[in-house]
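Engineer: Data: structure.cif, mmCIF, C-alpha atoms; chains and numbers go by the auth columns.
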```cif
data_run
#
loop_
_atom_site.group_PDB
_atom_site.id
_atom_site.type_symbol
_atom_site.label_atom_id
_atom_site.label_comp_id
_atom_site.label_asym_id
_atom_site.label_seq_id
_atom_site.Cartn_x
_atom_site.Cartn_y
_atom_site.Cartn_z
_atom_site.B_iso_or_equiv
_atom_site.auth_seq_id
_atom_site.auth_asym_id
ATOM 1 C CA MET A 1 83.750 125.887 132.304 0.00 1131 I
ATOM 2 C CA ALA A 2 83.155 127.469 128.928 0.00 1132 I
ATOM 3 C CA PRO A 3 81.642 126.219 125.705 0.00 1133 I
ATOM 4 C CA PRO A 4 82.203 125.029 123.074 0.00 1134 I
ATOM 5 C CA PHE A 5 82.494 121.663 124.807 0.00 1135 I
ATOM 6 C CA GLN A 6 84.501 118.689 123.676 0.00 1136 I
ATOM 7 C CA ARG A 7 81.441 116.591 124.437 0.00 1137 I
ATOM 8 C CA HIS A 8 77.990 117.785 125.455 0.00 1138 I
ATOM 9 C CA ILE A 9 75.781 115.292 127.255 0.00 1139 I
ATOM 10 C CA PHE A 10 72.030 115.926 127.344 0.00 1140 I
ATOM 11 C CA VAL A 11 69.954 114.000 129.881 0.00 1141 I
ATOM 12 C CA CYS A 12 66.195 114.184 129.496 0.00 1142 I
ATOM 13 C CA THR A 13 64.817 115.315 132.844 0.00 1143 I
ATOM 14 C CA ASN A 14 61.313 115.942 131.542 0.00 1144 I
ATOM 15 C CA ARG A 15 58.525 115.514 134.089 0.00 1145 I
ATOM 16 C CA ARG A 16 54.970 114.721 133.047 0.00 1146 I
ATOM 17 C CA PRO A 17 51.922 114.710 135.317 0.00 1147 I
ATOM 18 C CA ASP A 18 51.378 111.486 137.297 0.00 1148 I
ATOM 19 C CA GLY A 19 49.444 108.931 135.317 0.00 1149 I
ATOM 20 C CA HIS A 20 50.384 110.323 131.884 0.00 1150 I
ATOM 21 C CA PRO A 21 50.313 107.379 129.448 0.00 1151 I
ATOM 22 C CA LYS A 22 53.787 108.133 128.078 0.00 1152 I
ATOM 23 C CA GLY A 23 55.399 108.273 131.517 0.00 1153 I
ATOM 24 C CA CYS A 24 58.542 110.399 131.741 0.00 1154 I
ATOM 25 C CA CYS A 25 62.251 110.228 132.389 0.00 1155 I
ATOM 26 C CA ALA A 26 61.974 112.192 135.649 0.00 1156 I
ATOM 27 C CA THR A 27 60.183 109.389 137.464 0.00 1157 I
ATOM 28 C CA LYS A 28 62.732 106.856 136.203 0.00 1158 I
ATOM 29 C CA GLY A 29 65.698 108.518 137.901 0.00 1159 I
ATOM 30 C CA ALA A 30 66.791 111.066 135.294 0.00 1160 I
ATOM 31 C CA GLU A 31 67.872 113.694 137.818 0.00 1161 I
ATOM 32 C CA GLU A 32 69.972 111.117 139.614 0.00 1162 I
ATOM 33 C CA VAL A 33 71.559 110.089 136.291 0.00 1163 I
ATOM 34 C CA ARG A 34 72.383 113.693 135.489 0.00 1164 I
ATOM 35 C CA ALA A 35 73.842 114.210 138.956 0.00 1165 I
ATOM 36 C CA ALA A 36 75.949 111.077 138.486 0.00 1166 I
ATOM 37 C CA PHE A 37 77.321 112.427 135.186 0.00 1167 I
ATOM 38 C CA LYS A 38 78.161 115.754 136.807 0.00 1168 I
ATOM 39 C CA ALA A 39 79.879 114.073 139.734 0.00 1169 I
ATOM 40 C CA GLU A 40 81.828 111.723 137.474 0.00 1170 I
ATOM 41 C CA LEU A 41 82.997 114.553 135.183 0.00 1171 I
ATOM 42 C CA GLU A 42 84.147 116.464 138.229 0.00 1172 I
ATOM 43 C CA LYS A 43 85.904 113.445 139.712 0.00 1173 I
ATOM 44 C CA ARG A 44 87.771 112.870 136.465 0.00 1174 I
ATOM 45 C CA GLY A 45 88.760 116.534 136.185 0.00 1175 I
ATOM 46 C CA ILE A 46 87.037 116.975 132.807 0.00 1176 I
ATOM 47 C CA LYS A 47 84.221 119.259 133.930 0.00 1177 I
ATOM 48 C CA GLY A 48 85.883 122.064 132.003 0.00 1178 I
ATOM 49 C CA GLN A 49 85.695 120.256 128.670 0.00 1179 I
ATOM 50 C CA MET A 50 82.365 118.470 128.914 0.00 1180 I
ATOM 51 C CA ARG A 51 78.943 119.372 130.253 0.00 1181 I
ATOM 52 C CA ALA A 52 76.138 117.187 131.593 0.00 1182 I
ATOM 53 C CA ASN A 53 73.105 119.229 130.625 0.00 1183 I
ATOM 54 C CA ALA A 54 69.455 118.901 131.545 0.00 1184 I
ATOM 55 C CA ALA A 55 67.165 118.643 128.533 0.00 1185 I
ATOM 56 C CA GLY A 56 63.454 118.689 127.933 0.00 1186 I
ATOM 57 C CA CYS A 57 61.747 115.741 126.270 0.00 1187 I
ATOM 58 C CA LEU A 58 64.040 114.070 123.723 0.00 1188 I
ATOM 59 C CA ASP A 59 61.080 112.195 122.255 0.00 1189 I
ATOM 60 C CA THR A 60 62.423 108.798 123.210 0.00 1190 I
ATOM 61 C CA CYS A 61 60.333 108.217 126.334 0.00 1191 I
ATOM 62 C CA ALA A 62 59.706 104.573 125.468 0.00 1192 I
ATOM 63 C CA PHE A 63 63.344 103.684 126.136 0.00 1193 I
ATOM 64 C CA GLY A 64 63.629 104.814 129.763 0.00 1194 I
ATOM 65 C CA VAL A 65 66.025 107.573 130.848 0.00 1195 I
ATOM 66 C CA SER A 66 67.307 109.040 127.591 0.00 1196 I
ATOM 67 C CA VAL A 67 70.771 110.498 127.053 0.00 1197 I
ATOM 68 C CA VAL A 68 72.291 111.860 123.861 0.00 1198 I
ATOM 69 C CA VAL A 69 75.959 112.767 123.505 0.00 1199 I
ATOM 70 C CA TYR A 70 77.059 115.329 120.924 0.00 1200 I
ATOM 71 C CA PRO A 71 78.848 115.977 118.634 0.00 1201 I
ATOM 72 C CA GLU A 72 78.747 112.229 117.937 0.00 1202 I
ATOM 73 C CA GLY A 73 74.981 111.939 118.254 0.00 1203 I
ATOM 74 C CA VAL A 74 75.128 108.751 120.288 0.00 1204 I
ATOM 75 C CA TRP A 75 71.821 107.846 121.964 0.00 1205 I
ATOM 76 C CA TYR A 76 71.653 105.837 125.171 0.00 1206 I
ATOM 77 C CA GLY A 77 68.385 104.470 126.521 0.00 1207 I
ATOM 78 C CA GLY A 78 67.260 103.237 129.926 0.00 1208 I
ATOM 79 C CA VAL A 79 70.354 104.729 131.521 0.00 1209 I
ATOM 80 C CA LYS A 80 70.836 103.999 135.194 0.00 1210 I
ATOM 81 C CA VAL A 81 73.159 105.635 137.705 0.00 1211 I
ATOM 82 C CA GLU A 82 75.340 102.553 137.668 0.00 1212 I
ATOM 83 C CA ASP A 83 75.832 102.857 133.874 0.00 1213 I
ATOM 84 C CA VAL A 84 77.347 106.331 134.136 0.00 1214 I
ATOM 85 C CA PRO A 85 80.954 105.421 135.008 0.00 1215 I
ATOM 86 C CA ALA A 86 81.172 103.145 131.949 0.00 1216 I
ATOM 87 C CA ILE A 87 79.835 105.854 129.613 0.00 1217 I
ATOM 88 C CA VAL A 88 82.274 108.391 131.056 0.00 1218 I
ATOM 89 C CA GLU A 89 85.254 106.043 131.076 0.00 1219 I
ATOM 90 C CA GLU A 90 84.754 104.216 127.782 0.00 1220 I
ATOM 91 C CA HIS A 91 82.986 106.818 125.648 0.00 1221 I
ATOM 92 C CA LEU A 92 83.606 110.333 126.930 0.00 1222 I
ATOM 93 C CA ILE A 93 87.220 109.726 127.865 0.00 1223 I
ATOM 94 C CA GLY A 94 88.109 106.672 125.794 0.00 1224 I
ATOM 95 C CA GLY A 95 86.208 107.710 122.657 0.00 1225 I
ATOM 96 C CA LYS A 96 84.486 104.331 122.284 0.00 1226 I
ATOM 97 C CA PRO A 97 80.688 104.529 122.685 0.00 1227 I
ATOM 98 C CA VAL A 98 79.174 101.851 124.942 0.00 1228 I
ATOM 99 C CA GLU A 99 77.188 99.753 122.488 0.00 1229 I
ATOM 100 C CA ARG A 100 75.422 97.625 125.078 0.00 1230 I
ATOM 101 C CA LEU A 101 73.622 100.751 126.310 0.00 1231 I
ATOM 102 C CA PHE A 102 72.617 102.072 122.886 0.00 1232 I
ATOM 103 C CA MET A 103 68.988 102.820 122.159 0.00 1233 I
ATOM 104 C CA PRO A 104 67.502 100.467 119.582 0.00 1234 I
ATOM 105 C CA LEU A 105 67.336 103.394 117.135 0.00 1235 I
ATOM 106 C CA MET A 106 71.153 103.571 117.179 0.00 1236 I
ATOM 107 C CA LYS A 107 71.378 99.965 116.101 0.00 1237 I
ATOM 108 C CA LYS A 108 68.794 100.592 113.384 0.00 1238 I
ATOM 109 C CA ALA A 109 70.719 103.630 112.170 0.00 1239 I
ATOM 110 C CA GLY A 110 73.840 101.505 112.006 0.00 1240 I
ATOM 111 C CA SER A 111 75.771 104.083 114.007 0.00 1241 I
ATOM 112 C CA MET B 1 59.557 112.237 114.414 0.00 769 O
ATOM 113 C CA ALA B 2 62.298 109.887 115.416 0.00 770 O
ATOM 114 C CA PRO B 3 65.910 110.405 116.384 0.00 771 O
ATOM 115 C CA PRO B 4 68.663 110.418 115.425 0.00 772 O
ATOM 116 C CA PHE B 5 68.052 113.889 114.036 0.00 773 O
ATOM 117 C CA GLN B 6 69.799 115.504 111.115 0.00 774 O
ATOM 118 C CA ARG B 7 70.136 118.588 113.297 0.00 775 O
ATOM 119 C CA HIS B 8 69.244 118.948 116.973 0.00 776 O
ATOM 120 C CA ILE B 9 68.608 122.469 118.230 0.00 777 O
ATOM 121 C CA PHE B 10 68.806 123.121 121.957 0.00 778 O
ATOM 122 C CA VAL B 11 67.288 126.330 123.304 0.00 779 O
ATOM 123 C CA CYS B 12 68.085 127.209 126.901 0.00 780 O
ATOM 124 C CA THR B 13 64.754 127.772 128.626 0.00 781 O
ATOM 125 C CA ASN B 14 66.217 127.884 132.114 0.00 782 O
ATOM 126 C CA ARG B 15 64.308 129.992 134.634 0.00 783 O
ATOM 127 C CA ARG B 16 65.993 131.471 137.702 0.00 784 O
ATOM 128 C CA PRO B 17 64.252 133.219 140.591 0.00 785 O
ATOM 129 C CA ASP B 18 63.475 136.906 140.029 0.00 786 O
ATOM 130 C CA GLY B 19 66.386 139.127 140.984 0.00 787 O
ATOM 131 C CA HIS B 20 69.047 136.438 140.497 0.00 788 O
ATOM 132 C CA PRO B 21 72.269 138.253 139.543 0.00 789 O
ATOM 133 C CA LYS B 22 72.879 136.030 136.509 0.00 790 O
ATOM 134 C CA GLY B 23 69.377 136.547 135.097 0.00 791 O
ATOM 135 C CA CYS B 24 68.119 133.755 132.858 0.00 792 O
ATOM 136 C CA CYS B 25 67.093 132.953 129.308 0.00 793 O
ATOM 137 C CA ALA B 26 63.452 132.385 130.278 0.00 794 O
ATOM 138 C CA THR B 27 62.844 136.057 131.052 0.00 795 O
ATOM 139 C CA LYS B 28 64.508 137.074 127.780 0.00 796 O
ATOM 140 C CA GLY B 29 62.010 135.251 125.583 0.00 797 O
ATOM 141 C CA ALA B 30 63.532 131.768 125.374 0.00 798 O
ATOM 142 C CA GLU B 31 60.186 129.943 125.285 0.00 799 O
ATOM 143 C CA GLU B 32 59.037 132.176 122.448 0.00 800 O
ATOM 144 C CA VAL B 33 62.291 131.463 120.572 0.00 801 O
ATOM 145 C CA ARG B 34 61.798 127.733 121.008 0.00 802 O
ATOM 146 C CA ALA B 35 58.186 128.010 119.857 0.00 803 O
ATOM 147 C CA ALA B 36 59.344 129.961 116.802 0.00 804 O
ATOM 148 C CA PHE B 37 61.849 127.206 115.920 0.00 805 O
ATOM 149 C CA LYS B 38 59.177 124.542 116.293 0.00 806 O
ATOM 150 C CA ALA B 39 56.733 126.487 114.129 0.00 807 O
ATOM 151 C CA GLU B 40 59.349 127.194 111.469 0.00 808 O
ATOM 152 C CA LEU B 41 60.467 123.543 111.295 0.00 809 O
ATOM 153 C CA GLU B 42 56.853 122.505 110.914 0.00 810 O
ATOM 154 C CA LYS B 43 56.180 125.146 108.255 0.00 811 O
ATOM 155 C CA ARG B 44 59.181 123.963 106.238 0.00 812 O
ATOM 156 C CA GLY B 45 58.171 120.319 106.558 0.00 813 O
ATOM 157 C CA ILE B 46 61.419 119.325 108.276 0.00 814 O
ATOM 158 C CA LYS B 47 59.999 118.562 111.722 0.00 815 O
ATOM 159 C CA GLY B 48 60.734 114.900 111.078 0.00 816 O
ATOM 160 C CA GLN B 49 64.451 115.432 110.599 0.00 817 O
ATOM 161 C CA MET B 50 65.217 118.144 113.125 0.00 818 O
ATOM 162 C CA ARG B 51 64.105 118.872 116.673 0.00 819 O
ATOM 163 C CA ALA B 52 63.901 122.133 118.599 0.00 820 O
ATOM 164 C CA ASN B 53 64.548 120.958 122.123 0.00 821 O
ATOM 165 C CA ALA B 54 64.262 122.707 125.463 0.00 822 O
ATOM 166 C CA ALA B 55 67.459 122.634 127.483 0.00 823 O
ATOM 167 C CA GLY B 56 68.483 123.546 130.983 0.00 824 O
ATOM 168 C CA CYS B 57 71.197 126.140 131.560 0.00 825 O
ATOM 169 C CA LEU B 58 73.812 126.030 128.801 0.00 826 O
ATOM 170 C CA ASP B 59 76.166 128.130 130.932 0.00 827 O
ATOM 171 C CA THR B 60 76.164 131.053 128.536 0.00 828 O
ATOM 172 C CA CYS B 61 73.651 133.277 130.355 0.00 829 O
ATOM 173 C CA ALA B 62 75.684 136.412 129.709 0.00 830 O
ATOM 174 C CA PHE B 63 74.906 136.281 125.997 0.00 831 O
ATOM 175 C CA GLY B 64 71.105 136.416 126.149 0.00 832 O
ATOM 176 C CA VAL B 65 68.908 133.595 124.846 0.00 833 O
ATOM 177 C CA SER B 66 71.340 130.782 124.081 0.00 834 O
ATOM 178 C CA VAL B 67 70.948 128.220 121.323 0.00 835 O
ATOM 179 C CA VAL B 68 73.327 125.449 120.305 0.00 836 O
ATOM 180 C CA VAL B 69 72.913 123.377 117.150 0.00 837 O
ATOM 181 C CA TYR B 70 74.393 119.882 116.946 0.00 838 O
ATOM 182 C CA PRO B 71 76.109 117.984 115.449 0.00 839 O
ATOM 183 C CA GLU B 72 77.966 121.094 114.258 0.00 840 O
ATOM 184 C CA GLY B 73 78.238 122.650 117.709 0.00 841 O
ATOM 185 C CA VAL B 74 77.309 126.120 116.515 0.00 842 O
ATOM 186 C CA TRP B 75 76.436 128.523 119.349 0.00 843 O
ATOM 187 C CA TYR B 76 74.068 131.435 118.883 0.00 844 O
ATOM 188 C CA GLY B 77 73.647 134.155 121.516 0.00 845 O
ATOM 189 C CA GLY B 78 70.976 136.749 122.198 0.00 846 O
ATOM 190 C CA VAL B 79 68.613 134.981 119.825 0.00 847 O
ATOM 191 C CA LYS B 80 65.314 136.716 119.180 0.00 848 O
ATOM 192 C CA VAL B 81 62.147 135.392 117.585 0.00 849 O
ATOM 193 C CA GLU B 82 62.876 137.423 114.477 0.00 850 O
ATOM 194 C CA ASP B 83 66.286 135.723 114.064 0.00 851 O
ATOM 195 C CA VAL B 84 64.759 132.249 113.827 0.00 852 O
ATOM 196 C CA PRO B 85 63.751 132.232 110.123 0.00 853 O
ATOM 197 C CA ALA B 86 67.323 133.149 109.109 0.00 854 O
ATOM 198 C CA ILE B 87 68.834 130.382 111.244 0.00 855 O
ATOM 199 C CA VAL B 88 66.378 127.834 109.840 0.00 856 O
ATOM 200 C CA GLU B 89 66.712 128.994 106.240 0.00 857 O
ATOM 201 C CA GLU B 90 70.448 129.656 106.038 0.00 858 O
ATOM 202 C CA HIS B 91 71.857 127.179 108.545 0.00 859 O
ATOM 203 C CA LEU B 92 69.471 124.299 109.186 0.00 860 O
ATOM 204 C CA ILE B 93 68.318 124.011 105.579 0.00 861 O
ATOM 205 C CA GLY B 94 71.119 125.755 103.681 0.00 862 O
ATOM 206 C CA GLY B 95 73.992 124.380 105.764 0.00 863 O
ATOM 207 C CA LYS B 96 75.625 127.781 106.256 0.00 864 O
ATOM 208 C CA PRO B 97 75.647 128.940 109.903 0.00 865 O
ATOM 209 C CA VAL B 98 74.566 132.554 110.457 0.00 866 O
ATOM 210 C CA GLU B 99 77.793 134.212 111.574 0.00 867 O
ATOM 211 C CA ARG B 100 76.247 137.534 112.552 0.00 868 O
ATOM 212 C CA LEU B 101 74.333 135.726 115.330 0.00 869 O
ATOM 213 C CA PHE B 102 77.278 133.709 116.675 0.00 870 O
ATOM 214 C CA MET B 103 78.184 133.949 120.317 0.00 871 O
ATOM 215 C CA PRO B 104 81.550 135.652 120.887 0.00 872 O
ATOM 216 C CA LEU B 105 82.952 132.283 121.983 0.00 873 O
ATOM 217 C CA MET B 106 82.396 130.956 118.459 0.00 874 O
ATOM 218 C CA LYS B 107 84.504 133.721 117.003 0.00 875 O
ATOM 219 C CA LYS B 108 87.185 133.105 119.641 0.00 876 O
ATOM 220 C CA ALA B 109 87.162 129.393 118.854 0.00 877 O
ATOM 221 C CA GLY B 110 87.619 130.215 115.182 0.00 878 O
ATOM 222 C CA SER B 111 84.684 128.002 114.257 0.00 879 O
#
```
Is it possible to give me this structure as structure tokens?

Structural biologist:
Amino acid sequence: MAPPFQRHIFVCTNRRPDGHPKGCCATKGAEEVRAAFKAELEKRGIKGQMRANAAGCLDTCAFGVSVVVYPEGVWYGGVKVEDVPAIVEEHLIGGKPVERLFMPLMKKAGS
Amino acid sequence: MAPPFQRHIFVCTNRRPDGHPKGCCATKGAEEVRAAFKAELEKRGIKGQMRANAAGCLDTCAFGVSVVVYPEGVWYGGVKVEDVPAIVEEHLIGGKPVERLFMPLMKKAGS
């Protein structure tokens, strides 16, 4: 695998101390979501063109596990392991972002 | 600060165990580079539009501290604290990526 990537997926895997008022993506399954992206990219044979990257806090903690896909700049919120195949199939491969999983800020931005 | 961001800067701050053959960005000053980006964005009053994010391994360890800027997908390698003002001034504000700091892969890709 070598950059630049056709698509670069950043999954917030930030972990805050227990009891922190903001919570964090790590306790909501972020590592599992990232692992699911990696596995799905590998299964589809596109691991060479795309990368599922860990990221620090993306500043969107309120929305659950946060994922941003570049270069499009599409933000997904509250992502669960079971959402990953749809994002990979419809967006990363098919080129059509999965609107039902958008963060509210995407709708506001009209993207 | 709220996404989407006008520019999103990812700095690899990955830390590997001492003695790992690949080395890592963390021991080459990656946290200091990220802190310098954050400080510079704040100083310029553009912290609301851009974010200097921590990232896990960007898979470009060989090039020293690795930074990728989206949505452009510009990759910088071997970034040092003293390079940060030029990247912020010329690229993030001025819109002209700093070619002398590009990773070799950027030159190869003809970007």

Engineer: Taking all atoms listed in the file into account, what are the residues of chain O at most 6 Å from chain I, put as a list in words?

Structural biologist: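 Per the criterion, chain O yields Ala822, Ala823, Gly824 and Pro839 of chain O.
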
Engineer: As a check of understanding, name the residues that the PyMOL selection byres ((chain O and resi 799) around 10) selects in the supplied structure, as an NGL selection string.

Structural biologist: :O and (779-782 or 793-798 or 800-805 or 822 or 833 or 849)

Engineer: Take the residues from that selection and write them out as a compact mmCIF listing (two decimals), keeping the file's coordinate frame, keeping C-alpha atoms.

Structural biologist:
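Produced file part_24.txt, reproduced below:
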```txt
# COMPACT_ATOMS: atom_id res chain seq x y z
CA VAL O 779 67.29 126.33 123.30
CA CYS O 780 68.08 127.21 126.90
CA THR O 781 64.75 127.77 128.63
CA ASN O 782 66.22 127.88 132.11
CA CYS O 793 67.09 132.95 129.31
CA ALA O 794 63.45 132.38 130.28
CA THR O 795 62.84 136.06 131.05
CA LYS O 796 64.51 137.07 127.78
CA GLY O 797 62.01 135.25 125.58
CA ALA O 798 63.53 131.77 125.37
CA GLU O 800 59.04 132.18 122.45
CA VAL O 801 62.29 131.46 120.57
CA ARG O 802 61.80 127.73 121.01
CA ALA O 803 58.19 128.01 119.86
CA ALA O 804 59.34 129.96 116.80
CA PHE O 805 61.85 127.21 115.92
CA ALA O 822 64.26 122.71 125.46
CA VAL O 833 68.91 133.60 124.85
CA VAL O 849 62.15 135.39 117.58
```

Engineer: Any chance you could lay chain O over chain I, fitting all C-alpha atoms in order by least squares, and write the moved chain as a compact mmCIF listing (two decimals) with C-alpha atoms, in the frame of the given file?

Structural biologist:
```txt
# COMPACT_ATOMS: atom_id res chain seq x y z
CA MET O 769 83.73 125.92 132.27
CA ALA O 770 83.18 127.49 128.92
CA PRO O 771 81.65 126.23 125.70
CA PRO O 772 82.20 125.03 123.10
CA PHE O 773 82.49 121.67 124.83
CA GLN O 774 84.51 118.70 123.69
CA ARG O 775 81.45 116.60 124.45
CA HIS O 776 77.99 117.80 125.46
CA ILE O 777 75.78 115.30 127.27
CA PHE O 778 72.04 115.92 127.35
CA VAL O 779 69.96 114.01 129.89
CA CYS O 780 66.20 114.19 129.48
CA THR O 781 64.82 115.32 132.83
CA ASN O 782 61.32 115.94 131.55
CA ARG O 783 58.53 115.52 134.09
CA ARG O 784 54.97 114.72 133.05
CA PRO O 785 51.92 114.69 135.32
CA ASP O 786 51.39 111.48 137.29
CA GLY O 787 49.42 108.92 135.31
CA HIS O 788 50.39 110.30 131.89
CA PRO O 789 50.31 107.36 129.46
CA LYS O 790 53.78 108.12 128.09
CA GLY O 791 55.39 108.28 131.54
CA CYS O 792 58.54 110.39 131.75
CA CYS O 793 62.26 110.22 132.39
CA ALA O 794 61.99 112.19 135.64
CA THR O 795 60.18 109.39 137.46
CA LYS O 796 62.73 106.86 136.19
CA GLY O 797 65.69 108.51 137.90
CA ALA O 798 66.78 111.06 135.29
CA GLU O 799 67.87 113.69 137.82
CA GLU O 800 69.98 111.11 139.61
CA VAL O 801 71.56 110.09 136.28
CA ARG O 802 72.38 113.70 135.49
CA ALA O 803 73.83 114.20 138.97
CA ALA O 804 75.95 111.07 138.49
CA PHE O 805 77.33 112.43 135.19
CA LYS O 806 78.15 115.76 136.81
CA ALA O 807 79.89 114.07 139.74
CA GLU O 808 81.84 111.72 137.48
CA LEU O 809 83.00 114.55 135.19
CA GLU O 810 84.15 116.47 138.23
CA LYS O 811 85.91 113.44 139.72
CA ARG O 812 87.79 112.87 136.47
CA GLY O 813 88.76 116.53 136.19
CA ILE O 814 87.05 116.97 132.82
CA LYS O 815 84.22 119.26 133.95
CA GLY O 816 85.89 122.06 132.02
CA GLN O 817 85.70 120.26 128.69
CA MET O 818 82.37 118.47 128.92
CA ARG O 819 78.95 119.38 130.27
CA ALA O 820 76.14 117.20 131.59
CA ASN O 821 73.11 119.23 130.63
CA ALA O 822 69.45 118.90 131.54
CA ALA O 823 67.17 118.65 128.54
CA GLY O 824 63.46 118.70 127.93
CA CYS O 825 61.76 115.74 126.26
CA LEU O 826 64.05 114.09 123.72
CA ASP O 827 61.09 112.21 122.25
CA THR O 828 62.43 108.81 123.20
CA CYS O 829 60.34 108.24 126.34
CA ALA O 830 59.70 104.60 125.48
CA PHE O 831 63.33 103.70 126.11
CA GLY O 832 63.63 104.82 129.74
CA VAL O 833 66.02 107.57 130.84
CA SER O 834 67.32 109.05 127.59
CA VAL O 835 70.77 110.51 127.05
CA VAL O 836 72.29 111.88 123.86
CA VAL O 837 75.96 112.78 123.50
CA TYR O 838 77.06 115.35 120.93
CA PRO O 839 78.85 115.99 118.65
CA GLU O 840 78.76 112.25 117.94
CA GLY O 841 74.99 111.95 118.26
CA VAL O 842 75.14 108.76 120.28
CA TRP O 843 71.83 107.86 121.96
CA TYR O 844 71.66 105.86 125.16
CA GLY O 845 68.38 104.47 126.52
CA GLY O 846 67.26 103.23 129.92
CA VAL O 847 70.35 104.74 131.51
CA LYS O 848 70.83 104.01 135.19
CA VAL O 849 73.15 105.64 137.70
CA GLU O 850 75.34 102.56 137.65
CA ASP O 851 75.83 102.86 133.86
CA VAL O 852 77.34 106.34 134.13
CA PRO O 853 80.96 105.41 135.01
CA ALA O 854 81.17 103.14 131.95
CA ILE O 855 79.84 105.84 129.62
CA VAL O 856 82.27 108.40 131.05
CA GLU O 857 85.25 106.05 131.08
CA GLU O 858 84.76 104.22 127.78
CA HIS O 859 83.00 106.83 125.66
CA LEU O 860 83.60 110.35 126.94
CA ILE O 861 87.24 109.74 127.87
CA GLY O 862 88.12 106.67 125.80
CA GLY O 863 86.22 107.70 122.66
CA LYS O 864 84.49 104.34 122.28
CA PRO O 865 80.69 104.54 122.70
CA VAL O 866 79.17 101.86 124.95
CA GLU O 867 77.19 99.75 122.49
CA ARG O 868 75.42 97.62 125.08
CA LEU O 869 73.62 100.76 126.31
CA PHE O 870 72.61 102.09 122.88
CA MET O 871 68.99 102.82 122.16
CA PRO O 872 67.49 100.45 119.57
CA LEU O 873 67.34 103.37 117.13
CA MET O 874 71.15 103.53 117.16
CA LYS O 875 71.38 99.92 116.09
CA LYS O 876 68.75 100.52 113.39
CA ALA O 877 70.66 103.56 112.15
CA GLY O 878 73.80 101.44 111.94
CA SER O 879 75.74 104.01 113.95
```

Engineer: Quick check, in Å to one decimal: how far apart do CA of Phe870 in chain O and CA of Ile777 in chain O lie?

Structural biologist: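 The value is 14.3 Å.
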
Engineer: Can you tell me how far CA of Lys1168 in chain I sits from CA of Val1218 in chain I, in Å to one decimal?

Structural biologist: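 A separation of 10.2 Å between them.
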
Engineer: Translate the PyMOL selection byres ((chain O and resi 832) around 7), as applied to the file shown, into an explicit residue set as JSON, numbers by chain.

Structural biologist: {"O": [793, 796, 829, 830, 831, 833, 834, 845, 846, 847]}

Engineer: At the level of N, CA, C and O atoms, write range 806-816 of chain O to a file as an mmCIF file, in the first residue's frame, please.

Structural biologist:
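Output saved as result_37.cif:
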```cif
data_model
loop_
_atom_site.group_PDB
_atom_site.id
_atom_site.type_symbol
_atom_site.label_atom_id
_atom_site.label_comp_id
_atom_site.auth_asym_id
_atom_site.auth_seq_id
_atom_site.Cartn_x
_atom_site.Cartn_y
_atom_site.Cartn_z
ATOM 1 N N LYS O 806 -1.096 23.665 15.700
ATOM 2 C CA LYS O 806 -2.216 24.184 16.500
ATOM 3 C C LYS O 806 -1.961 25.631 16.915
ATOM 4 O O LYS O 806 -2.848 26.493 16.808
ATOM 5 N N ALA O 807 -0.750 25.891 17.381
ATOM 6 C CA ALA O 807 -0.405 27.242 17.840
ATOM 7 C C ALA O 807 -0.468 28.239 16.684
ATOM 8 O O ALA O 807 -0.975 29.365 16.830
ATOM 9 N N GLU O 808 0.035 27.818 15.538
ATOM 10 C CA GLU O 808 0.078 28.716 14.374
ATOM 11 C C GLU O 808 -1.343 29.017 13.862
ATOM 12 O O GLU O 808 -1.656 30.156 13.513
ATOM 13 N N LEU O 809 -2.197 27.996 13.853
ATOM 14 C CA LEU O 809 -3.589 28.215 13.417
ATOM 15 C C LEU O 809 -4.283 29.193 14.367
ATOM 16 O O LEU O 809 -5.036 30.079 13.937
ATOM 17 N N GLU O 810 -3.993 29.021 15.646
ATOM 18 C CA GLU O 810 -4.610 29.904 16.640
ATOM 19 C C GLU O 810 -4.091 31.336 16.462
ATOM 20 O O GLU O 810 -4.871 32.295 16.450
ATOM 21 N N LYS O 811 -2.799 31.458 16.283
ATOM 22 C CA LYS O 811 -2.160 32.774 16.130
ATOM 23 C C LYS O 811 -2.738 33.513 14.914
ATOM 24 O O LYS O 811 -2.934 34.728 14.959
ATOM 25 N N ARG O 812 -3.009 32.767 13.859
ATOM 26 C CA ARG O 812 -3.521 33.390 12.630
ATOM 27 C C ARG O 812 -5.035 33.579 12.648
ATOM 28 O O ARG O 812 -5.609 34.040 11.664
ATOM 29 N N GLY O 813 -5.667 33.102 13.725
ATOM 30 C CA GLY O 813 -7.120 33.261 13.826
ATOM 31 C C GLY O 813 -7.914 32.378 12.877
ATOM 32 O O GLY O 813 -9.042 32.695 12.511
ATOM 33 N N ILE O 814 -7.317 31.238 12.469
ATOM 34 C CA ILE O 814 -8.025 30.358 11.536
ATOM 35 C C ILE O 814 -8.328 28.992 12.158
ATOM 36 O O ILE O 814 -8.647 28.038 11.457
ATOM 37 N N LYS O 815 -8.252 28.945 13.486
ATOM 38 C CA LYS O 815 -8.520 27.694 14.206
ATOM 39 C C LYS O 815 -9.958 27.231 13.978
ATOM 40 O O LYS O 815 -10.253 26.041 14.084
ATOM 41 N N GLY O 816 -10.836 28.152 13.649
ATOM 42 C CA GLY O 816 -12.227 27.773 13.421
ATOM 43 C C GLY O 816 -12.455 27.102 12.082
ATOM 44 O O GLY O 816 -13.417 26.371 11.902
#
```
